[in-house]
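Read through the structure below, which is laid out as structure tokens, and then see the notes.
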Amino acid sequence: MRKILALIIALLFAFSLTAALAADEAADTKAAAVPAKEQKKAENKKVAEKKHQLTGEVKAVDAKATTITVKGKKEMTFTADEKMLKDVKAGDKVVVTYTEKDGKATATGIKAAKAKAEKKAEKKTDEKKVEPAAKAGEPAKVMKKKGGVEGC
């Protein structure tokens, strides 16, 4: 009887060890799965990075370091491609489209900004193109027919 009891206790001990090892492996698997989920979230953030814009005056362009400093509402320095920096010089008014990652701003686009005076001039030319409606008391303009079928 003692032998049977010793055998049962040994089997229970062995099962408890295997259960503990299995639980440990499951915890390791879950821990390994968490970084994979975090990587997916990080990839999704890259895809959905928010683009920002800054309109201002170029203060400095460093072609060697491929950076540009623009002062608008705030002064910021961006890293950019050499192609973007080719046509830009200090004093130019620009609109910089950029993304921020790890505290660094990277320009995704740089284009010349239209001056306010140019915008006003464009609005005035647009207003000149539109003919004003006839005022009260003035005869209405009669449009001439340019051929075609009468009565249409």
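A note on labels: chains of the structure tokens are A, B, ... as shown, every chain counts residues from 1, and ligands are counted from 1 in their shown order.
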Near-Lys71 in chain A list (8 Å; only C-alpha atoms; drop same-chain fewer than 6 positions) as number ranges by chain: A: 55-59
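Among the candidates A:Ala6, A:Glu49, A:Thr77, A:Glu82, the one nearest to Ala63 in chain A when counting only C-alpha atoms is A:Glu82.
The residue that comes closest to Lys50 in chain A, out of A:Asp24, A:Ala113, A:Ala105, A:Thr99 and on the basis of only C-alpha atoms, is A:Thr99.
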Shell around Val61 in chain A at 10 Å using only C-alpha atoms, local window under 2 positions removed, as a PyMOL selection string: chain A and resi 58-59+63-70+77-78+85-86+88-90
Restrict the selected residues to C-alpha atoms and save them as a short mmCIF file (atom, residue, chain, number, x, y, z; two decimals), in the first residue's frame.
```
data_model
loop_
_atom_site.label_atom_id
_atom_site.label_comp_id
_atom_site.auth_asym_id
_atom_site.auth_seq_id
_atom_site.Cartn_x
_atom_site.Cartn_y
_atom_site.Cartn_z
CA VAL A 58 13.04 81.30 -44.80
CA LYS A 59 15.70 82.34 -42.30
CA ALA A 63 22.45 72.43 -48.20
CA LYS A 64 25.19 70.32 -46.59
CA ALA A 65 23.06 69.36 -43.59
CA THR A 66 19.89 69.38 -45.76
CA THR A 67 18.03 71.60 -43.31
CA ILE A 68 15.88 74.69 -43.66
CA THR A 69 14.86 77.13 -40.93
CA VAL A 70 11.50 78.88 -41.36
CA THR A 77 14.11 73.79 -38.49
CA PHE A 78 13.24 70.97 -40.89
CA LEU A 85 16.12 72.98 -51.07
CA LYS A 86 17.35 73.70 -54.61
CA VAL A 88 14.74 78.05 -51.87
CA LYS A 89 16.87 80.87 -50.45
CA ALA A 90 16.84 83.02 -47.34
#
```
Neighbour list for Met84 in chain A as a list of chain:residue names, cut-off 9 Å, only C-alpha atoms, skip fewer than 4 positions in-chain: A:Ala80, A:Val88, A:Ala107, A:Thr108, A:Gly109, A:Ile110, A:Lys111
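Counting from CA of Asp87 in chain A, the distance to CA of Gly103 in chain A is 26.4 Å.
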